[in-house]
>>> print(open('target-v4.txt').read())   # compact mmCIF, C-alpha atoms
# COMPACT_ATOMS: atom_id res chain seq x y z
CA MET A 176 0.00 0.00 0.00
CA GLU A 177 2.84 2.35 0.91
CA ILE A 178 4.70 1.42 -2.28
CA THR A 179 1.55 2.05 -4.31
CA ASN A 180 1.15 5.46 -2.69
CA THR A 181 4.81 6.27 -3.41
CA ILE A 182 4.41 5.32 -7.06
CA ILE A 183 1.23 7.38 -7.36
CA ASN A 184 3.00 10.35 -5.69
CA ILE A 185 5.64 10.34 -8.46
CA PHE A 186 2.98 11.68 -10.80
CA THR A 187 2.41 14.74 -8.63
CA PRO A 188 4.70 17.80 -9.03
CA GLN A 189 6.22 17.34 -5.58
CA GLY A 190 6.61 13.58 -5.98
CA PHE A 191 8.14 13.86 -9.43
CA THR A 192 10.60 16.52 -8.26
CA GLY A 193 11.54 14.35 -5.28
CA PHE A 194 12.10 11.35 -7.52
CA MET A 195 14.28 13.39 -9.90
CA GLN A 196 16.25 14.82 -6.99
CA PHE A 197 16.89 11.29 -5.75
CA LEU A 198 18.11 10.22 -9.19
CA VAL A 199 20.38 13.24 -9.46
CA VAL A 200 21.95 12.56 -6.06
CA ILE A 201 22.61 8.95 -7.12
CA LEU A 202 24.21 10.23 -10.35
CA GLU A 203 26.38 12.65 -8.40
CA ILE A 204 27.56 9.90 -6.04
CA ILE A 205 28.53 7.78 -9.04
CA TYR A 206 30.32 10.81 -10.46
CA ILE A 207 32.35 11.14 -7.25
CA LEU A 208 33.68 7.64 -7.94
CA PHE A 209 34.71 8.74 -11.42
CA ALA A 210 36.39 11.88 -10.03
CA PHE A 211 38.27 9.79 -7.47
CA ILE A 212 39.49 7.27 -10.06
CA LEU A 213 40.47 10.18 -12.33
CA ALA A 214 42.57 11.73 -9.54
CA ARG A 215 44.32 8.38 -8.97
CA GLN A 216 44.86 7.93 -12.69
CA VAL A 217 46.46 11.38 -12.95
CA LYS A 218 48.91 10.30 -10.25
CA LEU A 219 49.72 7.16 -12.24
CA MET A 220 50.06 9.12 -15.47
CA ASN A 221 52.41 11.62 -13.86
CA SER A 222 54.62 8.83 -12.55
CA SER A 223 54.74 7.13 -15.96
CA PHE A 224 55.47 10.28 -17.95
CA LYS A 225 56.90 13.11 -15.90
CA THR A 226 56.46 16.65 -17.17
CA SER A 227 56.70 20.16 -15.74
CA MET A 228 52.89 20.28 -15.64
CA ALA A 229 52.54 17.30 -13.27
CA PHE A 230 51.71 19.51 -10.29
CA VAL A 231 49.06 21.42 -12.26
CA PHE A 232 47.32 18.21 -13.36
CA SER A 233 47.38 16.76 -9.83
CA ALA A 234 46.01 19.99 -8.37
CA ILE A 235 43.20 20.20 -10.93
CA ALA A 236 42.26 16.54 -10.43
CA ASN A 237 42.16 16.90 -6.64
CA VAL A 238 40.18 20.16 -6.75
CA HIS A 239 37.76 18.55 -9.22
CA PHE A 240 37.24 15.62 -6.83
CA TRP A 241 36.57 17.83 -3.80
CA ILE A 242 34.22 20.09 -5.78
CA SER A 243 32.28 16.95 -6.77
CA VAL A 244 32.01 16.00 -3.10
CA ILE A 245 30.84 19.51 -2.15
CA VAL A 246 28.24 19.52 -4.93
CA VAL A 247 26.81 16.21 -3.67
CA MET A 248 26.67 17.47 -0.10
CA LEU A 249 24.97 20.69 -1.24
CA SER A 250 22.49 18.67 -3.30
CA ILE A 251 21.61 16.50 -0.32
CA ILE A 252 21.17 19.54 1.93
CA ILE A 253 19.28 21.76 -0.54
CA LEU A 254 17.22 19.11 -2.31
CA MET B 82 57.79 24.45 -28.33
CA ILE B 83 55.07 24.46 -25.73
CA ALA B 84 54.54 21.41 -23.55
CA THR B 85 51.08 20.78 -25.03
CA SER B 86 52.30 20.56 -28.62
CA SER B 87 51.80 17.36 -30.59
CA PHE B 88 55.44 17.33 -31.75
CA ILE B 89 58.18 18.40 -29.34
CA GLU B 90 61.86 18.25 -30.23
CA LYS B 91 64.36 17.91 -27.36
CA PRO B 92 61.73 18.46 -24.65
CA LYS B 93 62.87 19.98 -21.38
CA ASN B 94 61.98 18.67 -17.90
CA VAL B 95 60.50 15.49 -19.29
CA CYS B 96 61.24 11.89 -18.41
CA TYR B 97 59.40 8.59 -18.54
CA ASP B 98 59.17 5.54 -16.30
CA GLY B 99 62.08 3.27 -17.26
CA GLU B 100 64.38 5.89 -18.74
CA ASP B 101 68.07 5.03 -18.59
CA ASN B 102 70.62 7.43 -17.11
CA ASP B 103 72.57 7.70 -20.35
CA GLU B 104 69.47 8.14 -22.45
CA GLU B 105 68.29 11.42 -23.97
CA ILE B 106 64.70 12.05 -25.03
CA LEU B 107 64.87 13.46 -28.56
CA TYR B 108 61.22 13.70 -29.54
CA VAL B 109 57.84 13.52 -27.85
CA ILE B 110 55.00 12.94 -30.31
CA ARG B 111 51.26 12.87 -29.72
CA ARG B 112 48.15 12.49 -31.87
CA SER B 113 47.62 15.59 -33.97
CA SER B 114 45.79 18.37 -32.09
CA ILE B 115 43.12 18.38 -34.78
CA THR B 116 41.94 14.94 -33.60
CA ASN B 117 40.77 16.67 -30.40
CA ILE B 118 38.20 18.82 -32.21
CA PRO B 119 35.26 16.36 -31.87
CA TRP B 120 35.35 16.19 -28.08
CA ILE B 121 36.08 19.92 -27.76
CA LEU B 122 32.98 20.66 -29.84
CA LEU B 123 30.97 18.23 -27.73
CA ALA B 124 32.18 19.99 -24.57
CA ALA B 125 31.10 23.31 -26.09
CA VAL B 126 27.63 21.85 -26.71
CA PHE B 127 27.52 20.63 -23.10
CA ILE B 128 28.34 24.16 -21.91
CA VAL B 129 25.52 25.71 -23.91
CA LEU B 130 22.93 22.99 -23.22
CA PRO B 131 21.67 24.21 -19.79
CA PHE B 132 20.64 27.55 -21.31
CA PHE B 133 18.07 25.73 -23.42
CA PHE B 134 17.28 22.69 -21.34
CA GLY B 135 16.49 24.59 -18.13
CA PRO B 136 13.76 26.84 -19.55
CA PHE B 137 12.44 23.89 -21.57
CA LEU B 138 11.98 21.80 -18.42
CA ARG B 139 10.15 24.68 -16.75
CA THR B 140 7.47 24.57 -19.47
CA PHE B 141 6.23 21.19 -18.23
CA ARG B 142 3.38 21.75 -15.84
CA LEU B 143 0.98 19.62 -13.89
CA ASP B 144 -2.16 21.14 -12.36
CA GLY B 145 -0.74 24.59 -13.24
CA GLN B 146 2.46 24.01 -11.26
CA PRO B 147 5.93 23.53 -12.85
CA LEU B 148 6.85 19.87 -12.75
CA VAL B 149 10.52 20.69 -12.09
CA SER B 150 11.44 23.24 -9.42
CA LEU B 151 13.94 26.07 -9.95
CA VAL B 152 16.10 24.81 -7.06
CA PHE B 153 16.39 21.43 -8.74
CA ILE B 154 17.33 22.96 -12.09
CA THR B 155 19.98 25.16 -10.46
CA THR B 156 21.50 22.26 -8.54
CA PHE B 157 21.50 20.03 -11.60
CA THR B 158 23.07 22.77 -13.70
CA ILE B 159 25.94 23.10 -11.22
CA PHE B 160 26.48 19.35 -11.35
CA TRP B 161 26.24 19.45 -15.18
CA TYR B 162 29.10 21.96 -15.38
CA VAL B 163 31.22 19.88 -13.01
CA PHE B 164 30.54 16.90 -15.28
CA THR B 165 31.41 18.94 -18.38
CA PHE B 166 34.69 19.99 -16.83
CA GLY B 167 35.43 16.36 -15.91
CA PHE B 168 34.66 15.29 -19.49
CA PHE B 169 36.99 17.97 -20.88
CA PHE B 170 39.78 17.20 -18.40
CA TYR B 171 39.55 13.43 -19.00
CA ASN B 172 39.81 13.81 -22.78
CA PHE B 173 42.66 16.28 -22.50
CA LEU B 174 44.62 13.93 -20.22
CA ASN B 175 43.91 11.08 -22.62
CA TRP B 176 45.53 13.09 -25.42
CA PHE B 177 48.37 14.54 -23.34
CA PHE B 178 49.63 11.31 -21.78
CA ASN B 179 49.26 8.97 -24.75
CA VAL B 180 52.68 9.71 -26.18
CA TYR B 181 55.22 8.28 -28.54
CA ILE B 182 58.76 8.96 -27.38
CA ILE B 183 61.89 8.68 -29.48
CA THR B 184 65.07 8.65 -27.45
CA SER B 185 68.73 8.24 -28.33
CA LYS B 186 68.36 4.50 -27.59
CA LYS B 187 64.72 3.46 -27.92
CA ILE B 188 61.24 4.01 -29.20
CA VAL B 189 58.64 4.12 -26.41
CA ASP B 190 54.88 3.93 -26.73
CA ILE B 191 52.91 4.96 -23.64
CA ASP B 192 49.19 4.13 -23.80
CA PHE B 193 46.47 4.99 -21.33
CA VAL B 194 43.07 3.70 -22.42
CA GLY B 195 40.15 4.80 -20.27
CA LEU B 196 40.90 5.08 -16.59
CA ILE B 197 42.04 1.57 -15.80
CA TYR B 198 44.44 0.53 -18.55
CA LYS B 199 48.11 1.44 -18.88
CA ASN B 200 50.59 -0.01 -21.35
CA ILE B 201 54.22 0.98 -21.95
CA SER B 202 56.09 -0.64 -24.83
CA GLU B 203 59.76 -0.11 -25.69
CA ALA B 204 61.92 -1.19 -28.58
CA ALA B 205 65.60 -0.51 -28.99
CA LEU B 206 66.49 1.46 -32.11
CA PHE B 207 68.94 -1.27 -32.97
CA ASN B 208 66.03 -3.73 -33.32
CA VAL B 209 64.04 -1.57 -35.73
CA GLU B 210 63.93 -3.21 -39.13
CA ASP B 211 61.47 -1.22 -41.17
CA VAL B 212 59.63 2.10 -40.86
CA THR B 213 56.58 2.97 -42.96
CA SER B 214 54.45 6.10 -43.01
CA GLU B 215 50.90 6.29 -44.31
CA VAL B 216 48.54 9.15 -45.10
CA LYS B 217 45.13 8.23 -46.43
CA GLY B 218 41.71 9.71 -46.87
CA THR B 219 40.66 13.29 -47.55
CA PHE B 220 41.06 14.34 -43.93
CA GLY B 221 44.56 12.88 -43.76
CA VAL B 222 45.70 14.44 -47.01
CA VAL B 223 44.27 17.88 -46.24
CA PHE B 224 45.76 18.11 -42.74
CA ASN B 225 48.82 15.86 -43.37
CA ILE B 226 47.83 13.45 -40.62
CA GLY B 227 48.62 9.76 -40.81
CA HIS B 228 50.24 6.77 -39.20
CA VAL B 229 53.76 5.44 -38.82
CA TYR B 230 54.36 1.69 -38.59
CA ILE B 231 57.63 0.47 -37.11
CA GLN B 232 58.61 -3.14 -37.64
CA THR B 233 61.00 -4.49 -35.04
CA ALA B 234 62.85 -7.71 -34.35
CA ALA B 235 61.66 -7.55 -30.75
CA GLU B 236 58.85 -9.52 -29.13
CA ARG B 237 56.37 -6.81 -30.08
CA ARG B 238 56.60 -6.98 -33.86
CA GLU B 239 55.16 -3.65 -34.79
CA PHE B 240 54.79 -0.26 -33.18
CA GLU B 241 52.09 2.00 -34.49
CA PHE B 242 52.00 5.77 -34.19
CA HIS B 243 48.40 6.72 -34.92
CA SER B 244 47.02 10.01 -36.26
CA ILE B 245 50.23 12.01 -36.00
CA TYR B 246 51.03 15.18 -37.88
CA ASN B 247 53.50 14.91 -40.75
CA PRO B 248 54.16 11.17 -40.48
CA ALA B 249 56.70 11.33 -43.31
CA ARG B 250 58.97 13.53 -41.21
CA VAL B 251 58.66 11.18 -38.21
CA ARG B 252 59.44 8.20 -40.45
CA ASP B 253 62.52 10.01 -41.73
CA ILE B 254 63.67 10.89 -38.22
CA ILE B 255 63.34 7.30 -37.03
CA SER B 256 65.05 5.89 -40.13
CA ASP B 257 67.99 8.25 -39.71
CA LEU B 258 68.31 7.41 -36.02
CA VAL B 259 68.17 3.68 -36.72
CA ALA B 260 70.81 3.97 -39.45
CA GLN B 261 73.06 6.00 -37.16
CA THR B 262 72.59 3.54 -34.27
CA LYS B 263 73.39 0.53 -36.43
CA LYS B 264 76.40 2.29 -37.91
CA ASN B 265 77.71 3.15 -34.43
CA GLY B 266 76.99 -0.43 -33.32
CA ASN B 267 78.96 -1.89 -36.23
CA ASN B 268 81.88 0.44 -35.50
>>> encode(input="target-v4.txt", output="structure tokens")
Amino acid sequence: MEITNTIINIFTPQGFTGFMQFLVVILEIIYILFAFILARQVKLMNSSFKTSMAFVFSAIANVHFWISVIVVMLSIIIL
Amino acid sequence: MIATSSFIEKPKNVCYDGEDNDEEILYVIRRSSITNIPWILLAAVFIVLPFFFGPFLRTFRLDGQPLVSLVFITTFTIFWYVFTFGFFFYNFLNWFFNVYIITSKKIVDIDFVGLIYKNISEAALFNVEDVTSEVKGTFGVVFNIGHVYIQTAAERREFEFHSIYNPARVRDIISDLVAQTKKNGNN
């Protein structure tokens, strides 16, 4: 009965928005995994082929990861 | 030459994993910069998309109320731009770190495919037997982009340099280096 009510609520503006917000948060959590793997891969790339831009790439990858985390936290709080 | 060029002669402050102490990196070669245009254009589309998609979503209404709230659209747009930046950065790294290196002793091919695959192949110049360059198709002929195939006597029979600018010049460079190495070896 509760599941039926939940499904019916999806077709209301509030329910649909809530469902979409839930999907977006899931997407963002998956994206954090990608950002984390990317940061690790940059470290591996820099060790395999060292250039003068290694620090820049590492910094960008790490900042990108933490921004992803902040965006997810903001989404959970706001939405 | 700037560090992000697709052909760098005698690069400074560059070394690779497995480089010998008495080895000098002579050339660093990447795929031609023009091959990056498709994903750059796609990233540009991603940047522009929220300006159309957001207002479009707001037109959907149910019982007179917008189906998608403004807060949701704003939050999703922020995430979309983070994703777009990640897409751009990933593709740039893919181009930057997939390199072909010609040193005073070896040819090195460093491949990163996706996020979980790394392959480094080396072949001594002395083992190179044949070098072939190829330019085909309208795109290749117009922009002088093609491939170089290097046949070796090593375990890995053939190295391939894909979509590089001016492959004939690279072929010539490798051939000259191989001839010089074999001549020095014979002496």
>>> residues_around(input="target-v4.txt", residues="Ile118 of chain B", least_positions_apart="4", cutoff="12 Å", atoms="all atoms listed in the file", output="number ranges by chain")
B: 112-114, 122-125, 169, 172-173, 176
>>> interface_residues(input="target-v4.txt", of="chain B", to="chain A", cutoff="9 Å", atoms="all atoms listed in the file", output="ChimeraX atom specification")
/B:84,93-99,142-144,146-150,152-153,156-157,159-160,163-164,166-167,170-171,174,178,180,191,193,196-197,199,201
>>> residues_near_point(input="target-v4.txt", point="(51.3, 3.3, -26.7)", cutoff="10 Å", atoms="only C-alpha atoms", output="PyMOL selection string")
chain B and resi 178-182+189-194+199-203+240-243
>>> atom_distance(input="target-v4.txt", atom1="atom CA of Lys264 of chain B", atom2="atom CA of Ile245 of chain B")
28.0 Å
>>> closest_residue(input="target-v4.txt", among="B:Ile128, B:Val223, B:Leu138, B:Ile255", to="Leu107 of chain B", atoms="all atoms listed in the file")
B:Ile255
>>> closest_residue(input="target-v4.txt", among="A:Val238, A:Val231, A:Ile251, A:Ile245", to="Ile201 of chain A", atoms="only C-alpha atoms")
A:Ile251
>>> atom_distance(input="target-v4.txt", atom1="atom CA of Thr219 of chain B", atom2="atom CA of Arg250 of chain B")
19.4 Å
>>> closest_residue(input="target-v4.txt", among="B:Val126, B:Ile89, B:Leu206, B:Ala234", to="Ser185 of chain B", atoms="all atoms listed in the file")
B:Leu206
>>> build_atoms(input="target-v4.txt", residues="segment 210-221 of chain A", atoms="all heavy atoms", output="mmCIF file, in the coordinates of the input")
data_model
loop_
_atom_site.group_PDB
_atom_site.id
_atom_site.type_symbol
_atom_site.label_atom_id
_atom_site.label_comp_id
_atom_site.auth_asym_id
_atom_site.auth_seq_id
_atom_site.Cartn_x
_atom_site.Cartn_y
_atom_site.Cartn_z
ATOM 1 N N ALA A 210 35.429 10.816 -10.359
ATOM 2 C CA ALA A 210 36.390 11.880 -10.030
ATOM 3 C C ALA A 210 37.547 11.325 -9.191
ATOM 4 O O ALA A 210 38.704 11.715 -9.373
ATOM 5 C CB ALA A 210 35.687 13.015 -9.280
ATOM 6 N N PHE A 211 37.241 10.393 -8.304
ATOM 7 C CA PHE A 211 38.270 9.790 -7.470
ATOM 8 C C PHE A 211 39.229 8.943 -8.316
ATOM 9 O O PHE A 211 40.454 9.055 -8.194
ATOM 10 C CB PHE A 211 37.628 8.924 -6.382
ATOM 11 C CG PHE A 211 38.624 8.186 -5.528
ATOM 12 C CD1 PHE A 211 39.371 8.858 -4.576
ATOM 13 C CD2 PHE A 211 38.836 6.832 -5.676
ATOM 14 C CE1 PHE A 211 40.304 8.194 -3.793
ATOM 15 C CE2 PHE A 211 39.770 6.155 -4.917
ATOM 16 C CZ PHE A 211 40.503 6.839 -3.967
ATOM 17 N N ILE A 212 38.655 8.113 -9.192
ATOM 18 C CA ILE A 212 39.490 7.270 -10.060
ATOM 19 C C ILE A 212 40.324 8.155 -10.989
ATOM 20 O O ILE A 212 41.499 7.862 -11.255
ATOM 21 C CB ILE A 212 38.614 6.294 -10.874
ATOM 22 C CG1 ILE A 212 37.936 5.297 -9.941
ATOM 23 C CG2 ILE A 212 39.443 5.544 -11.912
ATOM 24 C CD1 ILE A 212 36.898 4.425 -10.621
ATOM 25 N N LEU A 213 39.748 9.256 -11.452
ATOM 26 C CA LEU A 213 40.470 10.180 -12.330
ATOM 27 C C LEU A 213 41.680 10.773 -11.593
ATOM 28 O O LEU A 213 42.779 10.858 -12.152
ATOM 29 C CB LEU A 213 39.537 11.289 -12.808
ATOM 30 C CG LEU A 213 40.118 12.278 -13.816
ATOM 31 C CD1 LEU A 213 40.448 11.586 -15.127
ATOM 32 C CD2 LEU A 213 39.135 13.410 -14.081
ATOM 33 N N ALA A 214 41.473 11.158 -10.334
ATOM 34 C CA ALA A 214 42.570 11.730 -9.540
ATOM 35 C C ALA A 214 43.689 10.687 -9.356
ATOM 36 O O ALA A 214 44.877 11.019 -9.450
ATOM 37 C CB ALA A 214 42.057 12.205 -8.178
ATOM 38 N N ARG A 215 43.314 9.435 -9.117
ATOM 39 C CA ARG A 215 44.320 8.380 -8.970
ATOM 40 C C ARG A 215 45.038 8.128 -10.293
ATOM 41 O O ARG A 215 46.239 7.868 -10.330
ATOM 42 C CB ARG A 215 43.651 7.075 -8.492
ATOM 43 C CG ARG A 215 42.985 7.157 -7.134
ATOM 44 C CD ARG A 215 43.941 7.407 -6.013
ATOM 45 N NE ARG A 215 44.887 6.321 -5.863
ATOM 46 C CZ ARG A 215 45.882 6.309 -4.984
ATOM 47 N NH1 ARG A 215 46.073 7.354 -4.217
ATOM 48 N NH2 ARG A 215 46.679 5.276 -4.887
ATOM 49 N N GLN A 216 44.279 8.184 -11.387
ATOM 50 C CA GLN A 216 44.860 7.930 -12.690
ATOM 51 C C GLN A 216 45.845 9.029 -13.062
ATOM 52 O O GLN A 216 46.877 8.760 -13.681
ATOM 53 C CB GLN A 216 43.743 7.833 -13.748
ATOM 54 C CG GLN A 216 44.231 7.484 -15.146
ATOM 55 C CD GLN A 216 44.733 6.061 -15.277
ATOM 56 O OE1 GLN A 216 44.910 5.358 -14.281
ATOM 57 N NE2 GLN A 216 44.998 5.634 -16.487
ATOM 58 N N VAL A 217 45.545 10.271 -12.685
ATOM 59 C CA VAL A 217 46.460 11.380 -12.950
ATOM 60 C C VAL A 217 47.792 11.135 -12.238
ATOM 61 O O VAL A 217 48.869 11.371 -12.790
ATOM 62 C CB VAL A 217 45.824 12.724 -12.527
ATOM 63 C CG1 VAL A 217 46.868 13.826 -12.456
ATOM 64 C CG2 VAL A 217 44.731 13.120 -13.496
ATOM 65 N N LYS A 218 47.693 10.609 -11.010
ATOM 66 C CA LYS A 218 48.910 10.300 -10.250
ATOM 67 C C LYS A 218 49.735 9.235 -10.990
ATOM 68 O O LYS A 218 50.962 9.354 -11.125
ATOM 69 C CB LYS A 218 48.525 9.804 -8.862
ATOM 70 C CG LYS A 218 49.674 9.718 -7.883
ATOM 71 C CD LYS A 218 49.177 9.298 -6.500
ATOM 72 C CE LYS A 218 50.355 9.032 -5.587
ATOM 73 N NZ LYS A 218 49.961 8.504 -4.284
ATOM 74 N N LEU A 219 49.046 8.224 -11.501
ATOM 75 C CA LEU A 219 49.720 7.160 -12.240
ATOM 76 C C LEU A 219 50.329 7.692 -13.536
ATOM 77 O O LEU A 219 51.459 7.356 -13.898
ATOM 78 C CB LEU A 219 48.711 6.043 -12.553
ATOM 79 C CG LEU A 219 49.219 4.853 -13.356
ATOM 80 C CD1 LEU A 219 50.239 4.079 -12.569
ATOM 81 C CD2 LEU A 219 48.060 3.949 -13.756
ATOM 82 N N MET A 220 49.580 8.543 -14.216
ATOM 83 C CA MET A 220 50.060 9.120 -15.470
ATOM 84 C C MET A 220 51.308 9.966 -15.225
ATOM 85 O O MET A 220 52.296 9.900 -15.977
ATOM 86 C CB MET A 220 48.967 9.995 -16.101
ATOM 87 C CG MET A 220 47.842 9.229 -16.751
ATOM 88 S SD MET A 220 46.480 10.332 -17.194
ATOM 89 C CE MET A 220 45.534 9.288 -18.286
ATOM 90 N N ASN A 221 51.270 10.767 -14.164
ATOM 91 C CA ASN A 221 52.410 11.620 -13.860
ATOM 92 C C ASN A 221 53.652 10.807 -13.514
ATOM 93 O O ASN A 221 54.776 11.229 -13.795
ATOM 94 C CB ASN A 221 52.072 12.573 -12.697
ATOM 95 C CG ASN A 221 51.224 13.751 -13.134
ATOM 96 O OD1 ASN A 221 51.312 14.212 -14.272
ATOM 97 N ND2 ASN A 221 50.394 14.246 -12.234
#
